[in-house]
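Next comes entry.txt, a file with compact mmCIF, C-alpha atoms (C1' of nucleotides).
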# COMPACT_ATOMS: atom_id res chain seq x y z
CA MET A 1 -17.96 -18.49 18.79
CA ASP A 2 -16.63 -16.43 21.61
CA CYS A 3 -13.44 -14.95 20.25
CA LYS A 4 -12.01 -14.25 23.65
CA LYS A 5 -12.03 -17.92 24.57
CA ASP A 6 -10.09 -19.03 21.54
CA GLY A 7 -6.53 -17.89 20.98
CA ASN A 8 -6.80 -18.73 17.32
CA LEU A 9 -9.52 -16.15 16.96
CA LYS A 10 -7.61 -13.31 18.51
CA LYS A 11 -7.74 -11.44 15.20
CA CYS A 12 -11.51 -11.78 15.05
CA ASN A 13 -13.80 -9.02 16.31
CA CYS A 14 -17.02 -10.97 15.87
CA THR A 15 -18.02 -11.36 19.49
CA TYR A 16 -21.02 -9.12 19.11
CA LEU A 17 -22.11 -10.49 15.74
CA LYS A 18 -24.42 -13.45 15.73
CA LEU A 19 -23.91 -14.56 12.17
CA LYS A 20 -25.98 -17.33 10.63
CA GLU A 21 -25.19 -17.39 6.95
CA PHE A 22 -22.70 -15.88 4.53
CA GLY A 23 -23.44 -15.09 0.91
CA LYS A 24 -20.74 -15.14 -1.74
CA SER A 25 -20.91 -14.10 -5.36
CA GLY A 26 -18.92 -12.62 -8.20
CA ILE A 27 -19.81 -10.27 -11.02
CA PRO A 28 -17.89 -9.24 -14.13
CA SER A 29 -16.68 -5.65 -14.20
CA ALA A 30 -14.26 -3.33 -15.96
CA ILE A 31 -11.62 -4.21 -13.37
CA GLY A 32 -12.10 -7.96 -13.55
CA THR A 33 -14.50 -10.24 -11.75
CA LEU A 34 -15.47 -8.69 -8.45
CA TYR A 35 -15.90 -11.28 -5.74
CA TYR A 36 -17.72 -10.38 -2.57
CA VAL A 37 -18.98 -11.87 0.70
CA TRP A 38 -21.86 -10.45 2.71
CA PRO A 39 -24.12 -11.26 5.67
CA VAL A 40 -27.28 -13.02 4.47
CA LYS A 41 -28.82 -13.86 7.79
CA THR A 42 -28.03 -12.90 11.34
CA ASP A 43 -29.67 -13.46 14.67
CA ILE A 44 -30.89 -10.48 16.58
CA CYS A 45 -27.68 -8.73 17.47
CA GLU A 46 -26.41 -5.44 18.75
CA THR A 47 -25.18 -4.39 15.36
CA ASN A 48 -27.24 -3.48 12.37
CA LEU A 49 -25.77 -5.33 9.42
CA ASP A 50 -27.94 -3.81 6.73
CA ASN A 51 -25.81 -2.61 3.86
CA SER A 52 -22.79 -4.41 5.30
CA ILE A 53 -20.08 -6.24 3.44
CA PHE A 54 -17.27 -8.50 4.62
CA PHE A 55 -15.06 -8.88 1.60
CA LEU A 56 -14.53 -7.47 -1.89
CA SER A 57 -11.71 -8.16 -4.33
CA ASN A 58 -10.93 -8.67 -7.99
CA SER A 59 -8.51 -11.43 -7.02
CA GLU A 60 -9.90 -14.95 -7.11
CA LYS A 61 -6.93 -16.09 -5.07
CA SER A 62 -7.65 -13.78 -2.15
CA PHE A 63 -11.34 -14.64 -2.47
CA ASP A 64 -10.51 -18.31 -2.02
CA PHE A 65 -8.29 -17.46 0.90
CA PHE A 66 -11.07 -15.48 2.56
CA THR A 67 -13.78 -18.10 2.10
CA ASN A 68 -11.43 -20.73 3.47
CA PHE A 69 -10.83 -18.51 6.46
CA LEU A 70 -14.56 -18.19 6.99
CA ALA A 71 -15.14 -21.91 6.72
CA ASN A 72 -12.52 -22.50 9.40
CA LYS A 73 -13.44 -19.73 11.79
CA PHE A 74 -17.20 -19.83 11.41
CA PRO A 75 -17.95 -23.53 10.96
CA HIS A 76 -21.54 -23.00 12.08
CA CYS A 77 -22.13 -20.47 9.29
CA PRO A 78 -22.95 -21.87 5.86
CA ILE A 79 -21.46 -20.01 2.90
CA ILE A 80 -24.00 -20.06 0.13
CA ASP A 81 -23.97 -18.77 -3.42
CA MET A 82 -26.20 -15.77 -3.28
CA SER A 83 -25.88 -12.35 -4.82
CA SER A 84 -26.80 -9.05 -3.24
CA PRO A 85 -28.64 -6.59 -5.49
CA GLU A 86 -27.79 -3.77 -3.10
CA ILE A 87 -24.07 -4.44 -3.20
CA GLU A 88 -24.01 -4.89 -6.96
CA LYS A 89 -25.94 -1.68 -7.44
CA GLU A 90 -23.39 0.22 -5.37
CA LEU A 91 -20.47 -1.27 -7.28
CA ALA A 92 -22.08 -0.53 -10.63
CA GLY A 93 -22.79 3.04 -9.62
CA TYR A 94 -19.22 3.65 -8.56
CA LEU A 95 -17.57 1.95 -11.52
CA SER A 96 -19.76 3.81 -13.98
CA GLY A 97 -18.73 7.10 -12.42
CA LYS A 98 -22.32 7.95 -11.51
CA THR A 99 -21.77 7.89 -7.77
CA ARG A 100 -18.84 9.34 -5.91
CA GLY A 101 -17.94 6.41 -3.73
CA ILE A 102 -19.60 3.30 -2.38
CA SER A 103 -22.15 3.36 0.43
CA LEU A 104 -21.43 0.01 2.02
CA GLU A 105 -20.49 -0.54 5.62
CA PRO A 106 -17.30 -2.57 6.17
CA VAL A 107 -17.36 -5.30 8.78
CA TYR A 108 -13.88 -6.58 9.51
CA LEU A 109 -13.93 -10.24 10.44
CA TYR A 110 -10.19 -10.21 11.01
CA GLY A 111 -7.38 -7.70 11.29
CA THR A 112 -5.17 -6.36 14.05
CA ASP A 113 -6.00 -3.10 15.78
CA PHE A 114 -3.27 -1.44 13.74
CA GLU A 115 -4.67 -2.74 10.46
CA LYS A 116 -8.21 -1.68 11.30
CA LYS A 117 -6.99 1.77 12.27
CA ILE A 118 -5.18 2.08 8.94
CA TRP A 119 -8.20 0.82 6.99
CA GLU A 120 -10.60 3.16 8.75
CA THR A 121 -8.25 6.07 8.21
CA ALA A 122 -7.96 5.24 4.53
CA ARG A 123 -11.72 5.13 4.30
CA LYS A 124 -11.84 8.81 5.21
CA ILE A 125 -9.85 9.85 2.13
CA PRO A 126 -12.39 11.74 0.01
CA TYR A 127 -13.33 10.55 -3.46
CA GLY A 128 -10.91 11.93 -6.02
CA ASN A 129 -8.20 12.70 -3.45
CA VAL A 130 -4.91 10.95 -2.85
CA VAL A 131 -2.57 10.87 0.16
CA SER A 132 0.87 9.36 0.62
CA TYR A 133 1.57 6.30 2.74
CA LYS A 134 3.34 8.63 5.15
CA GLU A 135 0.37 10.99 5.42
CA LEU A 136 -1.94 8.04 5.95
CA ALA A 137 0.21 6.72 8.79
CA GLN A 138 0.28 10.18 10.35
CA LYS A 139 -3.49 10.56 10.17
CA ALA A 140 -3.86 7.14 11.77
CA GLY A 141 -1.66 8.19 14.67
CA TYR A 142 1.47 6.26 13.69
CA PRO A 143 3.69 8.97 12.18
CA ASN A 144 6.66 6.71 11.54
CA ALA A 145 4.87 3.53 10.56
CA PHE A 146 4.40 4.45 6.91
CA ARG A 147 5.94 1.23 5.77
CA ALA A 148 3.83 -0.92 8.04
CA ALA A 149 0.83 1.09 6.81
CA GLY A 150 1.57 -0.10 3.29
CA THR A 151 1.68 -3.68 4.48
CA ALA A 152 -1.62 -3.18 6.28
CA LEU A 153 -3.22 -1.85 3.11
CA GLY A 154 -1.98 -4.96 1.38
CA ASN A 155 -4.18 -6.95 3.75
CA ASN A 156 -7.24 -4.83 3.01
CA PRO A 157 -10.18 -7.25 2.64
CA LEU A 158 -12.46 -4.61 1.09
CA MET A 159 -11.12 -3.18 -2.13
CA LEU A 160 -12.91 0.03 -3.25
CA VAL A 161 -14.89 0.19 0.01
CA VAL A 162 -11.61 0.87 1.77
CA PRO A 163 -10.07 3.03 -0.97
CA CYS A 164 -6.46 1.96 -0.73
CA HIS A 165 -6.06 2.95 -4.38
CA ARG A 166 -6.05 6.56 -3.17
CA VAL A 167 -2.76 6.02 -1.34
CA ILE A 168 0.38 6.67 -3.37
CA ARG A 169 4.05 7.26 -2.69
CA SER A 170 5.42 10.56 -1.40
CA ASN A 171 7.47 11.08 -4.55
CA GLY A 172 4.37 10.84 -6.71
CA GLU A 173 4.91 7.29 -7.90
CA ILE A 174 1.81 5.15 -8.08
CA GLY A 175 2.97 2.55 -5.57
CA TYR A 176 1.93 -1.06 -5.35
CA PHE A 177 -1.65 -2.27 -5.59
CA GLY A 178 -2.84 -5.79 -4.88
CA GLY A 179 -5.55 -5.56 -7.51
CA GLY A 180 -3.01 -4.66 -10.19
CA GLU A 181 -1.20 -1.43 -10.97
CA GLU A 182 -3.26 -0.83 -14.09
CA VAL A 183 -6.43 -1.14 -12.02
CA LYS A 184 -5.11 1.38 -9.51
CA LEU A 185 -4.46 3.84 -12.34
CA MET A 186 -7.87 3.11 -13.81
CA LEU A 187 -9.62 3.83 -10.52
CA LEU A 188 -7.72 7.06 -9.93
CA ASP A 189 -8.59 8.13 -13.46
CA LEU A 190 -12.23 7.21 -12.91
CA GLU A 191 -12.32 9.59 -9.96
CA GLN A 192 -10.89 12.48 -12.01
CA PRO A 193 -13.43 12.80 -14.84
CA GLN A 194 -13.22 16.58 -14.99
CA GLN A 195 -9.49 16.69 -15.64
CA GLN A 196 -8.44 17.94 -19.03
CA GLU A 197 -5.47 19.66 -20.57
C1' DT B 1 12.78 -14.29 21.35
C1' DG B 2 14.92 -12.84 17.43
C1' DC B 3 15.15 -11.98 12.68
C1' DA B 4 13.50 -11.29 8.06
C1' DT B 5 10.06 -9.16 5.37
C1' DG B 6 7.43 -5.60 3.11
C1' DG B 7 2.19 -1.66 -1.34
C1' DC B 8 7.78 3.39 2.10
C1' DG B 9 10.77 7.80 2.80
C1' DC B 10 14.86 10.35 2.64
C1' DC B 11 19.52 11.53 1.70
C1' DG B 12 23.92 11.25 -1.22
C1' DG B 13 26.28 10.67 -5.20
C1' DA C 1 16.18 11.66 -13.12
C1' DC C 2 18.18 7.45 -11.14
C1' DC C 3 20.30 4.42 -8.11
C1' DG C 4 21.91 2.38 -3.41
C1' DG C 5 21.85 2.47 1.32
C1' DC C 6 19.83 2.97 5.56
C1' DG C 7 16.08 3.91 8.75
C1' DC C 8 11.46 3.12 9.86
C1' DC C 9 7.68 -0.18 12.25
C1' DA C 10 4.00 -3.95 12.72
C1' DT C 11 3.85 -8.89 11.61
C1' DG C 12 4.92 -13.73 10.78
C1' DC C 13 7.66 -17.62 11.43
Take the structure I supplied and represent it as structure tokens, if you would.
Amino acid sequence: MDCKKDGNLKKCNCTYLKLKEFGKSGIPSAIGTLYYVWPVKTDICETNLDNSIFFLSNSEKSFDFFTNFLANKFPHCPIIDMSSPEIEKELAGYLSGKTRGISLEPVYLYGTDFEKKIWETARKIPYGNVVSYKELAQKAGYPNAFRAAGTALGNNPLMLVVPCHRVIRSNGEIGYFGGGEEVKLMLLDLEQPQQQE
DNA sequence: TGCATGGCGCCGG
DNA sequence: ACCGGCGCCATGC
């Protein structure tokens, strides 16, 4: 439980979270089934986990990887099938274009300091805007680590919540996207409803 | 420890 | 506009 005592948990920042139960679920959407994991129950802890989310992806493969990670690192925490109306409402609002963004608080259960810095910096990109991988790295304080920044985005456990789809290449090319290039284009288009010729 | 691997960027041809 | 090549840097094995 105490991350600092276990070398295998060095990538875990959960020391202050007293988790009791994870909820996992998946809902169909325009960009494929969206799988998510969230905190169902926690002990009294220093952090308010209301409106929090641990994982979100349209990739079943990465979902399996994440739940396996949880089962290994949090053996005392049952992972139950339970949906979150709050989370699904946020996702529906965003994907329908009714809300400009998603009001869910990311909780990173793994990730290096560099990755978290990149993810948090990406999260500040306003709805409808795009930046290059280079600009993202600069904003995060690593002006020359634009390539590593791309790799870090590839490890983003919270699609949409951490809007890595708003990061494109300096030359204007769309760049890679773990959730699928067509999905990246779809999301960028969703955020530009007012554009017309 | 060292080396290969990436969601990249930039310069030449 | 389209490459190949090289540099860049955090990670993983």
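Atom CA of Tyr94 of chain A sits 12.4 Å away from atom CA of Met159 of chain A.
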For this session: Using only C-alpha atoms (C1' of nucleotides), determine which residues lie at most 9 Å from segment 121-123 of chain A, disregarding the query and same-chain residues fewer than 4 positions distant; provide the list as a ChimeraX atom specification.
Result: /A:116-117,131,136-137,139-140,153,161-164,166-167
For this session: Tell me the residues of chain C close to chain A, meaning within 10 Å using all atoms listed in the file, as a list of chain:residue names.
Result: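 Residues satisfying the distance criterion: C:DC8, C:DC9, C:DA10, C:DT11.
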Output for the residues just chosen: C-alpha atoms (C1' of nucleotides) as a compact mmCIF listing (two decimals), keeping the file's coordinate frame:
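Everything below was put into out_21.txt:
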# COMPACT_ATOMS: atom_id res chain seq x y z
C1' DC C 8 11.46 3.12 9.86
C1' DC C 9 7.68 -0.18 12.25
C1' DA C 10 4.00 -3.95 12.72
C1' DT C 11 3.85 -8.89 11.61
Got a sec to pull out which chain B residues are within 10 Å of chain A, counting all atoms listed in the file, and send them as a short mmCIF file (atom, residue, chain, number, x, y, z; two decimals) with C-alpha atoms (C1' of nucleotides), in the frame of the given file?
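This went into out_21.cif:
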data_model
loop_
_atom_site.label_atom_id
_atom_site.label_comp_id
_atom_site.auth_asym_id
_atom_site.auth_seq_id
_atom_site.Cartn_x
_atom_site.Cartn_y
_atom_site.Cartn_z
"C1'" DG B 6 7.43 -5.60 3.11
"C1'" DG B 7 2.19 -1.66 -1.34
"C1'" DC B 8 7.78 3.39 2.10
"C1'" DG B 9 10.77 7.80 2.80
#
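Counting from atom CA of Lys41 of chain A, the distance to atom CA of Leu19 of chain A is 6.6 Å.
Atom pair atom CA of Ser96 of chain A / atom CA of Lys184 of chain A has a distance of 15.5 Å (rounded to one decimal).
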Exercise. Got a sec: who's within 12 Å of DG4 of chain C, counting all atoms listed in the file, leaving out chain neighbours fewer than 5 positions off, as a list of chain:residue names?
Worked result: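 Using all atoms listed in the file, the neighbours found are B:DC11, B:DG12, B:DG13.
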Coordinate excerpt as a tab-separated table (two decimals), in the first residue's frame: chain B, all heavy atoms:
chain	number	residue	atom	x	y	z
B	1	DT	P	25.43	3.67	-14.18
B	1	DT	OP1	26.41	3.54	-13.20
B	1	DT	OP2	24.34	4.47	-14.36
B	1	DT	O5'	25.54	2.50	-15.27
B	1	DT	C5'	26.70	1.70	-15.22
B	1	DT	C4'	26.99	1.20	-16.61
B	1	DT	O4'	26.03	0.17	-16.94
B	1	DT	C3'	26.86	2.28	-17.68
B	1	DT	O3'	27.87	2.10	-18.66
B	1	DT	C2'	25.47	2.04	-18.27
B	1	DT	C1'	25.31	0.55	-18.10
B	1	DT	N1	23.89	0.12	-17.90
B	1	DT	C2	23.39	-0.86	-18.70
B	1	DT	O2	24.03	-1.40	-19.57
B	1	DT	N3	22.08	-1.20	-18.45
B	1	DT	C4	21.25	-0.67	-17.49
B	1	DT	O4	20.09	-1.07	-17.36
B	1	DT	C5	21.84	0.35	-16.67
B	1	DT	C7	21.02	1.00	-15.60
B	1	DT	C6	23.11	0.69	-16.90
B	2	DG	P	28.03	3.15	-19.88
B	2	DG	OP1	29.47	3.24	-20.21
B	2	DG	OP2	27.26	4.37	-19.57
B	2	DG	O5'	27.30	2.37	-21.07
B	2	DG	C5'	27.62	1.01	-21.30
B	2	DG	C4'	26.75	0.46	-22.40
B	2	DG	O4'	25.41	0.22	-21.91
B	2	DG	C3'	26.60	1.40	-23.60
B	2	DG	O3'	26.69	0.62	-24.78
B	2	DG	C2'	25.22	2.03	-23.40
B	2	DG	C1'	24.46	0.91	-22.70
B	2	DG	N9	23.39	1.34	-21.81
B	2	DG	C8	23.41	2.37	-20.91
B	2	DG	N7	22.31	2.49	-20.21
B	2	DG	C5	21.50	1.47	-20.69
B	2	DG	C6	20.18	1.09	-20.33
B	2	DG	O6	19.45	1.59	-19.48
B	2	DG	N1	19.73	-0.01	-21.07
B	2	DG	C2	20.46	-0.65	-22.02
B	2	DG	N2	19.87	-1.67	-22.63
B	2	DG	N3	21.70	-0.31	-22.38
B	2	DG	C4	22.15	0.75	-21.68
B	3	DC	P	26.65	1.28	-26.22
B	3	DC	OP1	27.59	0.54	-27.08
B	3	DC	OP2	26.71	2.75	-26.12
B	3	DC	O5'	25.17	0.87	-26.66
B	3	DC	C5'	24.78	-0.51	-26.60
B	3	DC	C4'	23.37	-0.64	-27.12
B	3	DC	O4'	22.43	-0.22	-26.09
B	3	DC	C3'	23.08	0.24	-28.33
B	3	DC	O3'	22.21	-0.45	-29.20
B	3	DC	C2'	22.42	1.46	-27.71
B	3	DC	C1'	21.61	0.80	-26.61
B	3	DC	N1	21.22	1.68	-25.50
B	3	DC	C2	19.99	1.46	-24.87
B	3	DC	O2	19.28	0.53	-25.27
B	3	DC	N3	19.61	2.27	-23.85
B	3	DC	C4	20.42	3.26	-23.46
B	3	DC	N4	20.01	4.03	-22.45
B	3	DC	C5	21.68	3.50	-24.08
B	3	DC	C6	22.04	2.69	-25.09
B	4	DA	P	21.98	0.00	-30.69
B	4	DA	OP1	22.67	-0.98	-31.52
B	4	DA	OP2	22.23	1.44	-30.82
B	4	DA	O5'	20.42	-0.25	-30.84
B	4	DA	C5'	19.84	-1.42	-30.30
B	4	DA	C4'	18.37	-1.17	-30.03
B	4	DA	O4'	18.23	-0.30	-28.88
B	4	DA	C3'	17.65	-0.48	-31.19
B	4	DA	O3'	16.41	-1.11	-31.37
B	4	DA	C2'	17.53	0.96	-30.73
B	4	DA	C1'	17.40	0.80	-29.21
B	4	DA	N9	17.84	1.94	-28.42
B	4	DA	C8	18.99	2.67	-28.56
B	4	DA	N7	19.12	3.64	-27.69
B	4	DA	C5	17.97	3.54	-26.91
B	4	DA	C6	17.50	4.27	-25.81
B	4	DA	N6	18.16	5.29	-25.27
B	4	DA	N1	16.31	3.91	-25.28
B	4	DA	C2	15.65	2.89	-25.83
B	4	DA	N3	15.98	2.12	-26.85
B	4	DA	C4	17.17	2.50	-27.35
B	5	DT	P	15.50	-0.75	-32.61
B	5	DT	OP1	14.90	-1.99	-33.13
B	5	DT	OP2	16.25	0.16	-33.49
B	5	DT	O5'	14.34	0.06	-31.89
B	5	DT	C5'	13.80	-0.45	-30.69
B	5	DT	C4'	12.83	0.54	-30.10
B	5	DT	O4'	13.52	1.53	-29.31
B	5	DT	C3'	12.04	1.34	-31.16
B	5	DT	O3'	10.69	1.32	-30.79
B	5	DT	C2'	12.62	2.73	-31.07
B	5	DT	C1'	12.98	2.80	-29.59
B	5	DT	N1	13.98	3.82	-29.22
B	5	DT	C2	13.74	4.60	-28.11
B	5	DT	O2	12.75	4.48	-27.42
B	5	DT	N3	14.71	5.53	-27.84
B	5	DT	C4	15.87	5.75	-28.55
B	5	DT	O4	16.67	6.60	-28.20
B	5	DT	C5	16.06	4.90	-29.70
B	5	DT	C7	17.28	5.07	-30.55
B	5	DT	C6	15.12	3.99	-29.98
B	6	DG	P	9.54	1.43	-31.89
B	6	DG	OP1	8.29	1.42	-31.09
B	6	DG	OP2	9.74	0.51	-33.00
B	6	DG	O5'	9.82	2.90	-32.44
B	6	DG	C5'	8.75	3.75	-32.66
B	6	DG	C4'	8.23	4.36	-31.37
B	6	DG	O4'	9.34	4.75	-30.51
B	6	DG	C3'	7.43	5.63	-31.60
B	6	DG	O3'	6.48	5.81	-30.58
B	6	DG	C2'	8.54	6.72	-31.58
B	6	DG	C1'	9.44	6.16	-30.48
B	6	DG	N9	10.86	6.51	-30.72
B	6	DG	C8	11.66	6.07	-31.74
B	6	DG	N7	12.88	6.55	-31.69
B	6	DG	C5	12.87	7.35	-30.56
B	6	DG	C6	13.91	8.12	-29.98
B	6	DG	O6	15.08	8.25	-30.38
B	6	DG	N1	13.48	8.80	-28.84
B	6	DG	C2	12.21	8.73	-28.31
B	6	DG	N2	11.98	9.44	-27.23
B	6	DG	N3	11.24	8.00	-28.83
B	6	DG	C4	11.64	7.34	-29.95
B	7	DG	P	4.90	5.65	-30.77
B	7	DG	OP1	4.43	6.20	-29.49
B	7	DG	OP2	4.55	4.31	-31.22
B	7	DG	O5'	4.42	6.65	-31.91
B	7	DG	C5'	5.12	7.85	-32.03
B	7	DG	C4'	4.26	8.88	-32.69
B	7	DG	O4'	2.87	8.73	-32.31
B	7	DG	C3'	4.63	10.29	-32.24
B	7	DG	O3'	4.26	11.19	-33.26
B	7	DG	C2'	3.77	10.47	-31.01
B	7	DG	C1'	2.48	9.82	-31.49
B	7	DG	N9	1.67	9.33	-30.39
B	7	DG	C8	1.76	8.13	-29.75
B	7	DG	N7	0.87	8.00	-28.82
B	7	DG	C5	0.13	9.17	-28.86
B	7	DG	C6	-0.98	9.60	-28.10
B	7	DG	O6	-1.56	8.99	-27.21
B	7	DG	N1	-1.41	10.86	-28.47
B	7	DG	C2	-0.83	11.63	-29.45
B	7	DG	N2	-1.36	12.81	-29.65
B	7	DG	N3	0.21	11.24	-30.16
B	7	DG	C4	0.62	10.01	-29.83
B	8	DC	P	5.32	11.58	-34.33
B	8	DC	OP1	4.64	12.40	-35.29
B	8	DC	OP2	6.03	10.36	-34.76
B	8	DC	O5'	6.33	12.48	-33.51
B	8	DC	C5'	5.88	13.38	-32.52
B	8	DC	C4'	6.80	14.58	-32.50
B	8	DC	O4'	8.16	14.11	-32.47
B	8	DC	C3'	6.70	15.50	-33.72
B	8	DC	O3'	6.84	16.84	-33.30
B	8	DC	C2'	7.84	15.05	-34.59
B	8	DC	C1'	8.88	14.67	-33.55
B	8	DC	N1	9.82	13.67	-34.06
B	8	DC	C2	11.18	14.01	-34.13
B	8	DC	O2	11.53	15.12	-33.76
B	8	DC	N3	12.04	13.09	-34.63
B	8	DC	C4	11.61	11.90	-35.01
B	8	DC	N4	12.52	11.05	-35.49
B	8	DC	C5	10.25	11.54	-34.92
B	8	DC	C6	9.39	12.44	-34.45
B	9	DG	P	6.77	18.03	-34.32
B	9	DG	OP1	6.20	19.17	-33.58
B	9	DG	OP2	6.15	17.57	-35.57
B	9	DG	O5'	8.30	18.38	-34.61
B	9	DG	C5'	9.11	18.82	-33.53
B	9	DG	C4'	10.37	19.50	-34.04
B	9	DG	O4'	11.31	18.52	-34.51
B	9	DG	C3'	10.16	20.45	-35.20
B	9	DG	O3'	11.13	21.49	-35.10
B	9	DG	C2'	10.41	19.57	-36.41
B	9	DG	C1'	11.54	18.69	-35.91
B	9	DG	N9	11.64	17.36	-36.48
B	9	DG	C8	10.62	16.49	-36.74
B	9	DG	N7	11.02	15.34	-37.22
B	9	DG	C5	12.41	15.47	-37.27
B	9	DG	C6	13.39	14.56	-37.70
B	9	DG	O6	13.23	13.40	-38.13
B	9	DG	N1	14.66	15.08	-37.61
B	9	DG	C2	14.96	16.33	-37.14
B	9	DG	N2	16.25	16.66	-37.12
B	9	DG	N3	14.04	17.19	-36.74
B	9	DG	C4	12.80	16.71	-36.83
B	10	DC	P	11.04	22.77	-36.03
B	10	DC	OP1	11.17	23.93	-35.13
B	10	DC	OP2	9.88	22.65	-36.92
B	10	DC	O5'	12.37	22.68	-36.90
B	10	DC	C5'	13.57	22.25	-36.28
B	10	DC	C4'	14.63	22.03	-37.32
B	10	DC	O4'	14.62	20.66	-37.76
B	10	DC	C3'	14.44	22.88	-38.57
B	10	DC	O3'	15.70	23.36	-39.00
B	10	DC	C2'	13.85	21.90	-39.57
B	10	DC	C1'	14.54	20.61	-39.16
B	10	DC	N1	13.85	19.37	-39.55
B	10	DC	C2	14.62	18.25	-39.90
B	10	DC	O2	15.85	18.34	-39.85
B	10	DC	N3	13.99	17.12	-40.28
B	10	DC	C4	12.66	17.07	-40.31
B	10	DC	N4	12.08	15.94	-40.69
B	10	DC	C5	11.85	18.20	-39.95
B	10	DC	C6	12.49	19.32	-39.57
B	11	DC	P	15.73	24.57	-40.09
B	11	DC	OP1	16.15	25.80	-39.38
B	11	DC	OP2	14.51	24.58	-40.93
B	11	DC	O5'	16.94	24.06	-40.97
B	11	DC	C5'	17.91	23.19	-40.37
B	11	DC	C4'	18.54	22.34	-41.44
B	11	DC	O4'	17.78	21.13	-41.65
B	11	DC	C3'	18.61	23.05	-42.79
B	11	DC	O3'	19.87	22.83	-43.38
B	11	DC	C2'	17.49	22.38	-43.60
B	11	DC	C1'	17.53	20.96	-43.03
B	11	DC	N1	16.28	20.21	-43.17
B	11	DC	C2	16.34	18.87	-43.55
B	11	DC	O2	17.44	18.34	-43.74
B	11	DC	N3	15.18	18.17	-43.68
B	11	DC	C4	14.01	18.77	-43.46
B	11	DC	N4	12.91	18.05	-43.61
B	11	DC	C5	13.93	20.14	-43.08
B	11	DC	C6	15.08	20.82	-42.94
B	12	DG	P	20.35	23.83	-44.57
B	12	DG	OP1	21.51	24.58	-44.11
B	12	DG	OP2	19.17	24.52	-45.15
B	12	DG	O5'	20.84	22.74	-45.64
B	12	DG	C5'	20.06	21.58	-45.78
B	12	DG	C4'	20.76	20.55	-46.59
B	12	DG	O4'	19.85	19.44	-46.67
B	12	DG	C3'	21.00	20.95	-48.05
B	12	DG	O3'	21.97	20.10	-48.64
B	12	DG	C2'	19.63	20.77	-48.64
B	12	DG	C1'	19.09	19.55	-47.87
B	12	DG	N9	17.69	19.70	-47.49
B	12	DG	C8	17.05	20.83	-47.04
B	12	DG	N7	15.77	20.65	-46.81
B	12	DG	C5	15.57	19.32	-47.12
B	12	DG	C6	14.39	18.54	-47.07
B	12	DG	O6	13.25	18.89	-46.72
B	12	DG	N1	14.61	17.24	-47.46
B	12	DG	C2	15.83	16.72	-47.86
B	12	DG	N2	15.87	15.45	-48.21
B	12	DG	N3	16.94	17.44	-47.92
B	12	DG	C4	16.74	18.72	-47.54
B	13	DG	P	22.42	20.40	-50.17
B	13	DG	OP1	23.81	19.90	-50.29
B	13	DG	OP2	22.10	21.78	-50.53
B	13	DG	O5'	21.48	19.42	-51.00
B	13	DG	C5'	21.66	18.01	-50.90
B	13	DG	C4'	20.62	17.30	-51.74
B	13	DG	O4'	19.31	17.51	-51.15
B	13	DG	C3'	20.54	17.79	-53.18
B	13	DG	O3'	20.38	16.68	-54.05
B	13	DG	C2'	19.27	18.65	-53.19
B	13	DG	C1'	18.42	17.90	-52.18
B	13	DG	N9	17.35	18.69	-51.57
B	13	DG	C8	17.39	20.01	-51.19
B	13	DG	N7	16.26	20.43	-50.68
B	13	DG	C5	15.42	19.34	-50.74
B	13	DG	C6	14.07	19.20	-50.35
B	13	DG	O6	13.33	20.05	-49.85
B	13	DG	N1	13.60	17.92	-50.59
B	13	DG	C2	14.33	16.90	-51.14
B	13	DG	N2	13.71	15.75	-51.29
B	13	DG	N3	15.59	17.02	-51.51
B	13	DG	C4	16.07	18.26	-51.29
